[in-house]
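Data block for protein20.txt (compact mmCIF, C-alpha atoms):
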# COMPACT_ATOMS: atom_id res chain seq x y z
CA MET C 1 -34.50 -29.51 -3.35
CA HIS C 2 -32.01 -26.98 -1.95
CA LYS C 3 -33.34 -23.42 -1.73
CA ASN C 4 -30.54 -22.13 -4.03
CA VAL C 5 -31.17 -24.68 -6.77
CA LYS C 6 -33.44 -23.51 -9.57
CA GLU C 7 -33.98 -26.90 -11.21
CA ILE C 8 -32.81 -30.51 -10.85
CA LEU C 9 -31.22 -31.79 -14.06
CA TYR C 10 -30.35 -35.34 -12.96
CA THR C 11 -31.56 -37.21 -9.92
CA GLN C 12 -29.47 -39.57 -7.83
CA ASP C 13 -31.22 -42.53 -9.51
CA GLU C 14 -30.55 -41.18 -13.01
CA ILE C 15 -26.88 -40.68 -12.14
CA ALA C 16 -26.61 -44.24 -10.77
CA PHE C 17 -28.23 -45.64 -13.93
CA LYS C 18 -25.80 -43.72 -16.13
CA CYS C 19 -22.83 -44.88 -14.03
CA LYS C 20 -23.96 -48.47 -14.54
CA GLU C 21 -24.01 -47.94 -18.33
CA LEU C 22 -20.58 -46.29 -18.29
CA GLY C 23 -19.16 -49.03 -16.08
CA LYS C 24 -20.22 -51.71 -18.57
CA ARG C 25 -18.53 -49.87 -21.44
CA ILE C 26 -15.36 -49.34 -19.41
CA MET C 27 -15.23 -53.01 -18.40
CA ASN C 28 -15.60 -54.04 -22.03
CA ASP C 29 -12.85 -51.67 -23.20
CA TYR C 30 -10.36 -52.35 -20.39
CA HIS C 31 -10.96 -56.03 -19.53
CA ASP C 32 -7.34 -56.94 -20.36
CA LYS C 33 -5.63 -53.70 -19.32
CA ASP C 34 -3.72 -52.43 -16.29
CA LEU C 35 -6.14 -49.62 -15.47
CA ILE C 36 -5.70 -46.74 -13.04
CA LEU C 37 -8.71 -44.54 -12.28
CA ILE C 38 -7.46 -41.06 -11.44
CA GLY C 39 -10.02 -38.85 -9.79
CA LEU C 40 -9.59 -35.11 -10.02
CA LEU C 41 -10.31 -33.71 -6.57
CA LYS C 42 -12.60 -32.66 -5.19
CA GLY C 43 -15.50 -32.79 -7.61
CA SER C 44 -14.94 -36.29 -8.96
CA VAL C 45 -15.24 -38.07 -5.60
CA PRO C 46 -19.00 -38.85 -5.64
CA PHE C 47 -18.89 -39.76 -9.34
CA LEU C 48 -15.82 -41.99 -8.93
CA ALA C 49 -17.43 -43.72 -5.94
CA GLU C 50 -20.66 -44.39 -7.85
CA LEU C 51 -18.98 -45.33 -11.15
CA SER C 52 -16.48 -47.71 -9.60
CA LYS C 53 -19.32 -49.85 -8.16
CA TYR C 54 -19.99 -50.95 -11.74
CA ILE C 55 -16.42 -51.68 -12.82
CA SER C 56 -15.67 -55.28 -11.88
CA LEU C 57 -12.01 -55.17 -12.87
CA ASP C 58 -8.78 -55.06 -10.89
CA VAL C 59 -8.27 -51.31 -10.96
CA THR C 60 -6.32 -48.99 -8.74
CA PHE C 61 -7.33 -45.51 -7.67
CA ASP C 62 -5.25 -42.39 -7.41
CA TYR C 63 -6.08 -38.73 -7.08
CA MET C 64 -4.86 -35.37 -8.25
CA ASP C 65 -5.90 -32.04 -6.80
CA VAL C 66 -5.90 -29.71 -9.77
CA SER C 67 -7.39 -26.25 -9.73
CA SER C 68 -8.29 -23.91 -12.55
CA TYR C 69 -11.32 -22.11 -11.11
CA GLU C 70 -11.98 -19.60 -8.41
CA GLY C 71 -15.69 -18.84 -8.20
CA THR C 72 -16.82 -18.62 -11.82
CA GLN C 73 -13.49 -17.41 -13.25
CA SER C 74 -11.02 -19.72 -14.97
CA ARG C 75 -7.38 -19.14 -14.12
CA THR C 76 -4.01 -20.88 -14.42
CA VAL C 77 -4.00 -24.66 -13.90
CA THR C 78 -2.28 -25.48 -10.61
CA ILE C 79 -1.35 -28.98 -9.36
CA LYS C 80 -1.95 -28.99 -5.60
CA LYS C 81 -1.57 -32.77 -5.14
CA ASP C 82 0.01 -35.09 -7.65
CA ILE C 83 -0.64 -38.80 -8.11
CA GLU C 84 1.46 -41.27 -6.13
CA GLN C 85 1.71 -44.07 -8.71
CA ASP C 86 4.08 -44.50 -11.62
CA VAL C 87 1.93 -44.42 -14.77
CA THR C 88 4.58 -45.74 -17.17
CA GLY C 89 2.94 -48.33 -19.43
CA LYS C 90 -0.40 -48.09 -17.62
CA ASP C 91 -3.82 -47.25 -19.01
CA ILE C 92 -5.25 -44.19 -17.32
CA LEU C 93 -8.87 -43.17 -17.07
CA LEU C 94 -9.23 -39.63 -15.77
CA VAL C 95 -12.46 -39.31 -13.78
CA GLU C 96 -13.97 -35.84 -13.74
CA ASP C 97 -17.30 -34.39 -12.66
CA ILE C 98 -17.58 -31.95 -15.59
CA LEU C 99 -15.76 -31.21 -18.82
CA ASP C 100 -16.35 -27.62 -19.84
CA THR C 101 -13.51 -25.44 -21.18
CA GLY C 102 -11.14 -28.41 -21.29
CA LYS C 103 -8.29 -26.42 -19.78
CA THR C 104 -7.69 -28.64 -16.76
CA LEU C 105 -8.16 -31.96 -18.53
CA SER C 106 -5.96 -30.94 -21.48
CA THR C 107 -3.16 -30.05 -19.09
CA VAL C 108 -3.49 -33.20 -16.97
CA LYS C 109 -3.82 -35.51 -19.98
CA ALA C 110 -0.68 -34.08 -21.61
CA MET C 111 1.22 -34.40 -18.33
CA LEU C 112 0.33 -38.09 -17.93
CA GLU C 113 1.16 -38.83 -21.56
CA GLU C 114 4.58 -37.21 -21.06
CA ARG C 115 5.10 -39.51 -18.05
CA GLY C 116 4.75 -42.55 -20.32
CA ALA C 117 1.18 -43.73 -19.78
CA ALA C 118 0.12 -46.35 -22.36
CA SER C 119 -3.15 -44.45 -22.83
CA VAL C 120 -5.00 -41.59 -21.21
CA GLU C 121 -8.77 -41.31 -21.66
CA ILE C 122 -11.47 -39.33 -19.88
CA VAL C 123 -14.75 -40.28 -18.28
CA THR C 124 -16.90 -37.36 -17.22
CA MET C 125 -20.28 -37.26 -15.59
CA LEU C 126 -21.20 -34.05 -17.43
CA ASP C 127 -20.03 -32.56 -20.71
CA LYS C 128 -20.68 -28.87 -21.38
CA LYS C 129 -19.54 -28.73 -25.04
CA GLU C 130 -20.75 -25.14 -25.54
CA CYS C 131 -17.94 -23.93 -23.28
CA ARG C 132 -15.08 -25.89 -24.86
CA GLN C 133 -11.99 -23.76 -25.46
CA PHE C 134 -9.42 -26.56 -25.80
CA PRO C 135 -9.53 -29.42 -28.32
CA ILE C 136 -10.34 -32.30 -25.99
CA GLU C 137 -13.16 -34.82 -25.79
CA ALA C 138 -14.13 -37.43 -23.23
CA LYS C 139 -14.28 -41.06 -24.36
CA TYR C 140 -17.10 -41.70 -21.88
CA VAL C 141 -19.79 -39.11 -21.14
CA GLY C 142 -22.66 -39.42 -18.72
CA TYR C 143 -24.75 -36.49 -19.88
CA GLU C 144 -24.29 -33.52 -22.20
CA ILE C 145 -25.61 -30.40 -20.54
CA PRO C 146 -26.45 -26.85 -21.64
CA ASN C 147 -24.38 -23.86 -20.62
CA ALA C 148 -25.79 -23.53 -17.11
CA PHE C 149 -24.07 -23.21 -13.73
CA VAL C 150 -24.56 -26.65 -12.17
CA VAL C 151 -23.93 -27.88 -8.65
CA GLY C 152 -24.38 -31.08 -6.69
CA PHE C 153 -22.96 -34.61 -6.79
CA GLY C 154 -19.44 -33.18 -6.41
CA LEU C 155 -19.94 -29.96 -8.35
CA ASP C 156 -19.53 -26.84 -6.29
CA PHE C 157 -19.69 -23.10 -6.17
CA ASN C 158 -16.97 -21.82 -3.83
CA GLU C 159 -16.84 -25.26 -2.14
CA LYS C 160 -20.59 -25.37 -1.37
CA TYR C 161 -23.28 -27.73 -2.72
CA ARG C 162 -20.94 -30.72 -3.44
CA ASN C 163 -22.97 -32.87 -1.04
CA LEU C 164 -26.28 -32.57 -2.90
CA PRO C 165 -27.30 -36.04 -4.14
CA TYR C 166 -28.40 -34.70 -7.54
CA VAL C 167 -27.15 -32.29 -10.22
CA GLY C 168 -29.05 -29.04 -10.34
CA ILE C 169 -28.86 -25.58 -11.82
CA LEU C 170 -27.78 -22.94 -9.30
CA LYS C 171 -29.92 -19.81 -9.10
CA GLU C 172 -28.18 -16.88 -10.80
CA GLU C 173 -28.45 -14.61 -7.78
CA CYS C 174 -26.16 -17.00 -5.90
CA TYR C 175 -23.13 -16.38 -8.12
CA GLN C 176 -23.61 -12.95 -9.68
Turn this file's structure into structure tokens for me.
Amino acid sequence: MHKNVKEILYTQDEIAFKCKELGKRIMNDYHDKDLILIGLLKGSVPFLAELSKYISLDVTFDYMDVSSYEGTQSRTVTIKKDIEQDVTGKDILLVEDILDTGKTLSTVKAMLEERGAASVEIVTMLDKKECRQFPIEAKYVGYEIPNAFVVGFGLDFNEKYRNLPYVGILKEECYQ
């Protein structure tokens, strides 16, 4: 365990097991759809890579780089990199590492709906419902978590800790 992690919430094996469960549900729901998985950079990359192993459908990937955090403070949603595909008439599954306030995902979902997507749903590895400030829910949730500052498996604090193979709670002295 990393010296700055107080506690491991989910191991690499637990995350893989949950991705397998989510993949089965997604395959069942989208077996006859034209599905695009859109990963929100950078945090979704490990989750998207693991999840997609268990989706045996003809899907395409795309990515958006969307920012709404700096350190622990939420700020204006900024699109740094937009998707490259036309989403008109397509089913979109936004892939995110964590759904907390809902600010970023609300903005991105509305944007894709305005562009004519047939549907826009969300799959998130972690759901921190206690922090929700916008009325949005994920269709697929790996784990609901308490209001703790988590890192690992794509989740970061100032770009550090994304590479940890598990999800853990960061020690408070690291971000206060």
Q.
Between C:Val5, C:Val151, C:Leu41, C:Leu93, which residue has the minimum interatomic distance to C:Met27, considering all atoms listed in the file?
A.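 Looking at the shortest contact to C:Met27, the residue is C:Leu93.
Closest approach to C:Gly154 among C:Lys3, C:Lys20, C:Lys80, C:Lys42 is made by C:Lys42 (distances from all atoms listed in the file).
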Counting all atoms listed in the file, what is within 7 Å of C:Gly23, bar same-chain residues fewer than 5 positions away, as a short mmCIF file (atom, residue, chain, number, x, y, z; two decimals) with C-alpha atoms, in the frame of the given file?
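Now in selection.cif:
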data_model
loop_
_atom_site.label_atom_id
_atom_site.label_comp_id
_atom_site.auth_asym_id
_atom_site.auth_seq_id
_atom_site.Cartn_x
_atom_site.Cartn_y
_atom_site.Cartn_z
CA LEU C 51 -18.98 -45.33 -11.15
CA TYR C 54 -19.99 -50.95 -11.74
CA ILE C 55 -16.42 -51.68 -12.82
#
Q: Counting only C-alpha atoms, figure out which residue out of C:Lys139, C:Lys103, C:Lys33, C:Arg132 gets nearest to C:Gly89.
A: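 With only C-alpha atoms as the atom set, the closest residue is C:Lys33.
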**Q.** Nearest residue to C:Glu96 from the set C:Phe134, C:Phe17, C:Phe153, C:Tyr30 (distances using only C-alpha atoms)
**A.** C:Phe153
Q: Find the distance between atom CA of C:Asp32 and atom CA of C:Pro46 and write it in Å to one decimal.
A: 26.1 Å
**Q.** Pick from C:Ile98, C:Met1, C:Ile38, C:Ile8, whichever lies nearest to C:Tyr143 using only C-alpha atoms
**A.**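 Among the listed residues, the smallest separation from C:Tyr143 belongs to C:Ile98.
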Q: Determine, counting all atoms listed in the file, which protein, DNA and RNA residues have an atom within 8 Å of an atom of stretch 160-171 of chain C; residues of the same chain fewer than 6 positions away are not included. Present the result as number ranges by chain.
A: C: 4-12, 15, 43, 148-154
